[in-house]
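Enquirer: What follows is a single structure, and I will ask about it in a moment.
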Amino acid sequence: MEARLHCGAVVLLLLMGSSRFGEGASNPGIVVQITRKGLEYAHQYAMATLKKELSTITVPNLSGRSKIGWVGSISYDFHSLQIHQFVLRNSDLSLLPKQGIKASLSNNYMSMSGNWKVKKAFITLRGGFQLSMDGISISISLNLGKDESGRPTVSVTHCSDSIGPVRVRFSGSLSWIINLFHKKIENSIKKNLERKICEMVRKSVDSKLKPYLQSLPVTMTIDQVSGIDYRLVQNPQVTPEDLIMFFKGEFFSQSQRSPVPFDAPALTLPQQYDRMVYFAISEYVFNTASRVYYQAGHMNVTITNEHLSRLYRNMQVELEATPATEPLLMFSPGNVTLMPVMDIQAFALLPNSTERKPLFQLRVKTNVSISISMKSNRIVGSVTGGSKLKLELKHSNVSYINMNLMDAILNYYTFNTIYPSLNAKLEEGFPLPLPRDTFLKNMELQTYKNFLLLGADIS
């Protein structure tokens, strides 16, 4: 999908129920909205992971002594306890504004087996057992934040669990003896598991979820000239319907970083929930990139063309084109435009010399249409059209300038050389801030005032 100039009207804002983010110099360049649909997808994946983790719980051996009526005191040992099945039946995800995310699991089931040994004096009895637990409930509360480097953090603020009925079937010689104190065994195993479940939940968050979130890039190298800053500028925000994350989204110079002299605009996001995730990418992101490449001199162009010799006989002419300022992209509903202003200095190359003689200076203006699209997980662009160059003479050291010929030469060079070169750079694009092994599909692009909105599902 593409967001094109002249592609038709796009609804700018939903008058009711829109969300506005940022009101100042610290406005984020990128706002990521994870909808309930996306959170449910993550929830189901997390539950599948948790199920595997819970199935690996190691239940400690149970041993001790018990006094049984006329049998007297015996010693017992329950060992080789192993979980065979953990069934997650019901789970629910709750978004708690200013608190975090709560996951509730209820009516779950687990089965396990093991061996038993009972000893009375010189008599030793052995056998096995099958145990099942029903009505297992787990409640987990997570808090999301950011660390000093701007990476997201997650912590378990609450975990509780309870286990319903426990049923044990014993097998082996004289297993009826075990049945005489089975309640004690059941309660001991139940208490151990209740403690182990939350231990495993915290371990799973630390070993699985934390590293995954920490894989979100803080900075990324684009090329030798620039990088992009993807730090979180504030803690993630939980609302009743979604999770919002705020990224700086600022290009910087690899050689010398300096403050950006303009602010990111506040973004007003329309209420859209069809996709799992929405990226609101401010024009600020693109314009900080323009600033970096402008300051690095990568927008300067030297033109030496055989057609320039037609301007003056017996004289080789060279043109140097530099932007008057960094060209800034402007986003509006359905449109992405660029209105660069270039200063062009013409020089005469003196024969048998490295010296140049200034001839005249022009100011050139144009209006360029930009198409923005997605390629894999990268934002890419291309020039889709532009108006004819408008030439204005600023200064001249010569008595005559063939402006019609100059106009034809510059327009030809722009459309046949500069735009293709620009397109090659725009095709490289830049990556979105995504954790490892995360890919987007079903992507849809729309342009709004000051930002580009990308909706996508996750795979």
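Residue numbers start at 1 in each chain; chains themselves are named A, B, ... in the order of the structure tokens; ligands are numbered from 1 in the order shown.
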Hey, what's within 10 Å of region 213-228 of chain A if we count only C-alpha atoms and toss same-chain stuff fewer than 5 positions away? As number ranges by chain, please?
Expert: A: 146-147, 149-154, 208, 247-257, 285, 288-289, 292-293, 296, 298, 428-437
Enquirer: Give me, as a PyMOL selection string, the residues of region 252-339 of chain A that a backbone DSSP run labels helix (DSSP H, G or I).
Expert: chain A and resi 283-295+306-310
Enquirer: Between A:Ser290, A:Lys425, A:Tyr312, A:Met276, which has the minimum distance to Arg36 (chain A) (counting only C-alpha atoms)?
Expert: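 For Arg36 (chain A), the nearest of the given residues is A:Met276.
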Enquirer: Do a neighbour search on Arg310 (chain A) at 12 Å with only C-alpha atoms, toss out local chain neighbours closer than 4 positions, and write the hits as a PyMOL selection string.
Expert: chain A and resi 305-306+314-317+401-406+408-409
Enquirer: Give one line per residue of region 171-283 of chain A that approaches region 443-453 of chain A to at most 8 Å, naming the two atoms of the closest pair and their distance in Å to one decimal, counting only C-alpha atoms; sort by chain then ascending residue number and deliver it as a tab-separated table.
Expert:
residue	atom	partner	partner_atom	distance
A:Pro265	CA	A:Asn450	CA	6.9
A:Leu267	CA	A:Phe451	CA	7.3
A:Tyr278	CA	A:Leu453	CA	6.7
A:Phe279	CA	A:Leu453	CA	5.7
A:Ala280	CA	A:Leu453	CA	4.6
A:Ile281	CA	A:Leu452	CA	5.1
A:Ser282	CA	A:Phe451	CA	4.1
A:Glu283	CA	A:Phe451	CA	5.3
Enquirer: Return as a short mmCIF file (atom, residue, chain, number, x, y, z; two decimals) with N, CA and C atoms, in the first residue's frame the full set of residues in region 205-338 of chain A whose backbone-based DSSP assignment is strand (DSSP E or B).
Expert:
data_model
loop_
_atom_site.label_atom_id
_atom_site.label_comp_id
_atom_site.auth_asym_id
_atom_site.auth_seq_id
_atom_site.Cartn_x
_atom_site.Cartn_y
_atom_site.Cartn_z
N THR A 219 19.31 2.72 19.38
CA THR A 219 19.81 3.45 18.21
C THR A 219 20.10 2.43 17.10
N MET A 220 19.99 2.89 15.88
CA MET A 220 20.29 2.04 14.73
C MET A 220 21.13 2.83 13.74
N THR A 221 22.15 2.18 13.18
CA THR A 221 22.97 2.81 12.16
C THR A 221 22.27 2.69 10.81
N SER A 226 24.49 8.76 8.95
CA SER A 226 23.43 8.96 9.93
C SER A 226 23.09 7.69 10.70
N GLY A 227 22.44 7.92 11.83
CA GLY A 227 21.82 6.88 12.63
C GLY A 227 20.48 7.41 13.08
N ILE A 228 19.68 6.55 13.72
CA ILE A 228 18.38 7.00 14.21
C ILE A 228 18.21 6.62 15.68
N ASP A 229 17.68 7.54 16.45
CA ASP A 229 17.49 7.39 17.88
C ASP A 229 16.08 6.86 18.14
N LEU A 232 12.87 5.24 24.09
CA LEU A 232 11.59 5.64 24.65
C LEU A 232 11.77 6.97 25.37
N GLN A 237 2.21 3.82 28.04
CA GLN A 237 0.94 4.25 28.61
C GLN A 237 -0.12 3.18 28.35
N VAL A 238 -0.77 2.72 29.42
CA VAL A 238 -1.82 1.72 29.31
C VAL A 238 -3.18 2.43 29.38
N ASP A 242 -5.80 -0.03 24.72
CA ASP A 242 -4.55 -0.28 24.02
C ASP A 242 -3.35 0.05 24.89
N LEU A 243 -2.18 -0.20 24.32
CA LEU A 243 -0.90 0.12 24.95
C LEU A 243 -0.16 1.07 24.01
N ILE A 244 0.30 2.21 24.53
CA ILE A 244 0.94 3.23 23.72
C ILE A 244 2.41 3.34 24.12
N MET A 245 3.29 3.39 23.10
CA MET A 245 4.72 3.57 23.36
C MET A 245 5.21 4.78 22.58
N PHE A 246 6.13 5.54 23.20
CA PHE A 246 6.56 6.82 22.66
C PHE A 246 8.07 6.77 22.37
N PHE A 247 8.44 6.86 21.11
CA PHE A 247 9.84 6.78 20.69
C PHE A 247 10.33 8.15 20.22
N GLU A 250 14.44 10.21 16.00
CA GLU A 250 15.24 11.35 15.52
C GLU A 250 16.52 10.87 14.86
N PHE A 251 16.76 11.31 13.62
CA PHE A 251 18.02 11.03 12.95
C PHE A 251 19.13 11.90 13.54
N PHE A 252 20.33 11.34 13.59
CA PHE A 252 21.47 12.10 14.10
C PHE A 252 22.69 11.82 13.24
N SER A 253 23.64 12.74 13.29
CA SER A 253 24.88 12.61 12.53
C SER A 253 25.82 11.64 13.23
N LEU A 267 0.85 14.83 17.98
CA LEU A 267 0.14 13.95 17.05
C LEU A 267 -1.26 13.63 17.57
N THR A 268 -2.23 13.68 16.70
CA THR A 268 -3.59 13.30 17.03
C THR A 268 -3.93 12.04 16.25
N LEU A 269 -4.02 10.92 16.94
CA LEU A 269 -4.25 9.63 16.28
C LEU A 269 -5.74 9.33 16.20
N VAL A 277 -1.26 -3.38 15.36
CA VAL A 277 -0.37 -2.31 15.78
C VAL A 277 -0.46 -1.16 14.77
N TYR A 278 -0.32 0.05 15.29
CA TYR A 278 -0.30 1.25 14.46
C TYR A 278 0.94 2.06 14.80
N PHE A 279 1.65 2.49 13.75
CA PHE A 279 2.82 3.35 13.90
C PHE A 279 2.44 4.74 13.37
N ALA A 280 2.46 5.74 14.25
CA ALA A 280 2.29 7.13 13.82
C ALA A 280 3.69 7.72 13.70
N ILE A 281 4.12 7.96 12.46
CA ILE A 281 5.49 8.40 12.19
C ILE A 281 5.44 9.86 11.78
N SER A 282 5.92 10.72 12.65
CA SER A 282 5.84 12.15 12.45
C SER A 282 6.72 12.60 11.29
N VAL A 301 25.23 19.44 -5.27
CA VAL A 301 25.38 18.81 -6.58
C VAL A 301 26.25 19.68 -7.46
N THR A 302 27.21 19.07 -8.13
CA THR A 302 28.02 19.76 -9.14
C THR A 302 27.62 19.24 -10.51
N ILE A 303 27.29 20.17 -11.41
CA ILE A 303 26.78 19.80 -12.73
C ILE A 303 27.79 20.23 -13.79
N GLN A 316 33.99 26.65 -20.92
CA GLN A 316 33.44 25.51 -20.19
C GLN A 316 32.78 26.01 -18.91
N VAL A 317 31.53 25.61 -18.73
CA VAL A 317 30.75 26.11 -17.61
C VAL A 317 30.45 24.97 -16.63
N GLU A 318 30.50 25.29 -15.33
CA GLU A 318 30.20 24.33 -14.26
C GLU A 318 29.19 24.97 -13.31
N LEU A 319 28.23 24.15 -12.87
CA LEU A 319 27.22 24.64 -11.94
C LEU A 319 27.36 23.95 -10.60
N GLU A 320 27.25 24.71 -9.52
CA GLU A 320 27.22 24.16 -8.18
C GLU A 320 25.86 24.48 -7.56
N ALA A 321 25.13 23.40 -7.18
CA ALA A 321 23.80 23.57 -6.61
C ALA A 321 23.83 23.16 -5.14
N THR A 322 23.34 24.05 -4.28
CA THR A 322 23.25 23.76 -2.84
C THR A 322 21.89 24.20 -2.33
N PRO A 323 21.30 23.43 -1.43
CA PRO A 323 20.01 23.84 -0.87
C PRO A 323 20.18 25.12 -0.04
N LEU A 329 9.89 17.87 4.47
CA LEU A 329 8.69 17.21 3.98
C LEU A 329 7.48 17.73 4.74
N MET A 330 6.37 17.83 4.04
CA MET A 330 5.12 18.26 4.64
C MET A 330 4.06 17.19 4.41
N PHE A 331 3.44 16.75 5.51
CA PHE A 331 2.40 15.73 5.44
C PHE A 331 1.04 16.40 5.65
N SER A 332 0.11 16.06 4.77
CA SER A 332 -1.27 16.50 4.90
C SER A 332 -2.14 15.35 4.43
N ASN A 335 -1.43 13.56 1.13
CA ASN A 335 -0.33 14.20 0.42
C ASN A 335 0.98 14.15 1.19
N VAL A 336 2.07 13.95 0.46
CA VAL A 336 3.42 14.14 1.01
C VAL A 336 4.17 14.98 -0.02
N THR A 337 4.58 16.18 0.37
CA THR A 337 5.21 17.10 -0.58
C THR A 337 6.53 17.61 -0.04
N LEU A 338 7.34 18.05 -0.97
CA LEU A 338 8.65 18.62 -0.67
C LEU A 338 8.81 19.84 -1.57
#
Enquirer: Record the distance separating CA of Leu440 (chain A) and CA of Ser382 (chain A), expressed in Å with one decimal.
Expert: 21.0 Å
Enquirer: For Thr417 (chain A), which residue among A:Thr304, A:Leu144, A:Pro240, A:His79 is the nearest when counting only C-alpha atoms?
Expert: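 Selected residue with least distance to Thr417 (chain A): A:Thr304.
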Enquirer: What's around Val156 (chain A) at 8 Å? Count only C-alpha atoms, leave out sequence neighbours fewer than 4 positions away in its own chain, and write the answer as a PyMOL selection string.
Expert: chain A and resi 140-143+202+205
Enquirer: Take the residues from that selection and put them in a file with C-alpha atoms, as a PDB file, in the first residue's frame.
Expert:
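Saved the output as result.pdb:
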ATOM      1  CA  ILE A 140      -0.293 -12.037  37.167  1.00  0.00           C
ATOM      2  CA  SER A 141       0.152  -8.240  37.136  1.00  0.00           C
ATOM      3  CA  LEU A 142       2.875  -6.644  35.001  1.00  0.00           C
ATOM      4  CA  ASN A 143       4.225  -3.109  35.134  1.00  0.00           C
ATOM      5  CA  ARG A 202       8.673 -14.634  37.514  1.00  0.00           C
ATOM      6  CA  VAL A 205       9.167 -13.028  32.626  1.00  0.00           C
TER       7      VAL A 205
END
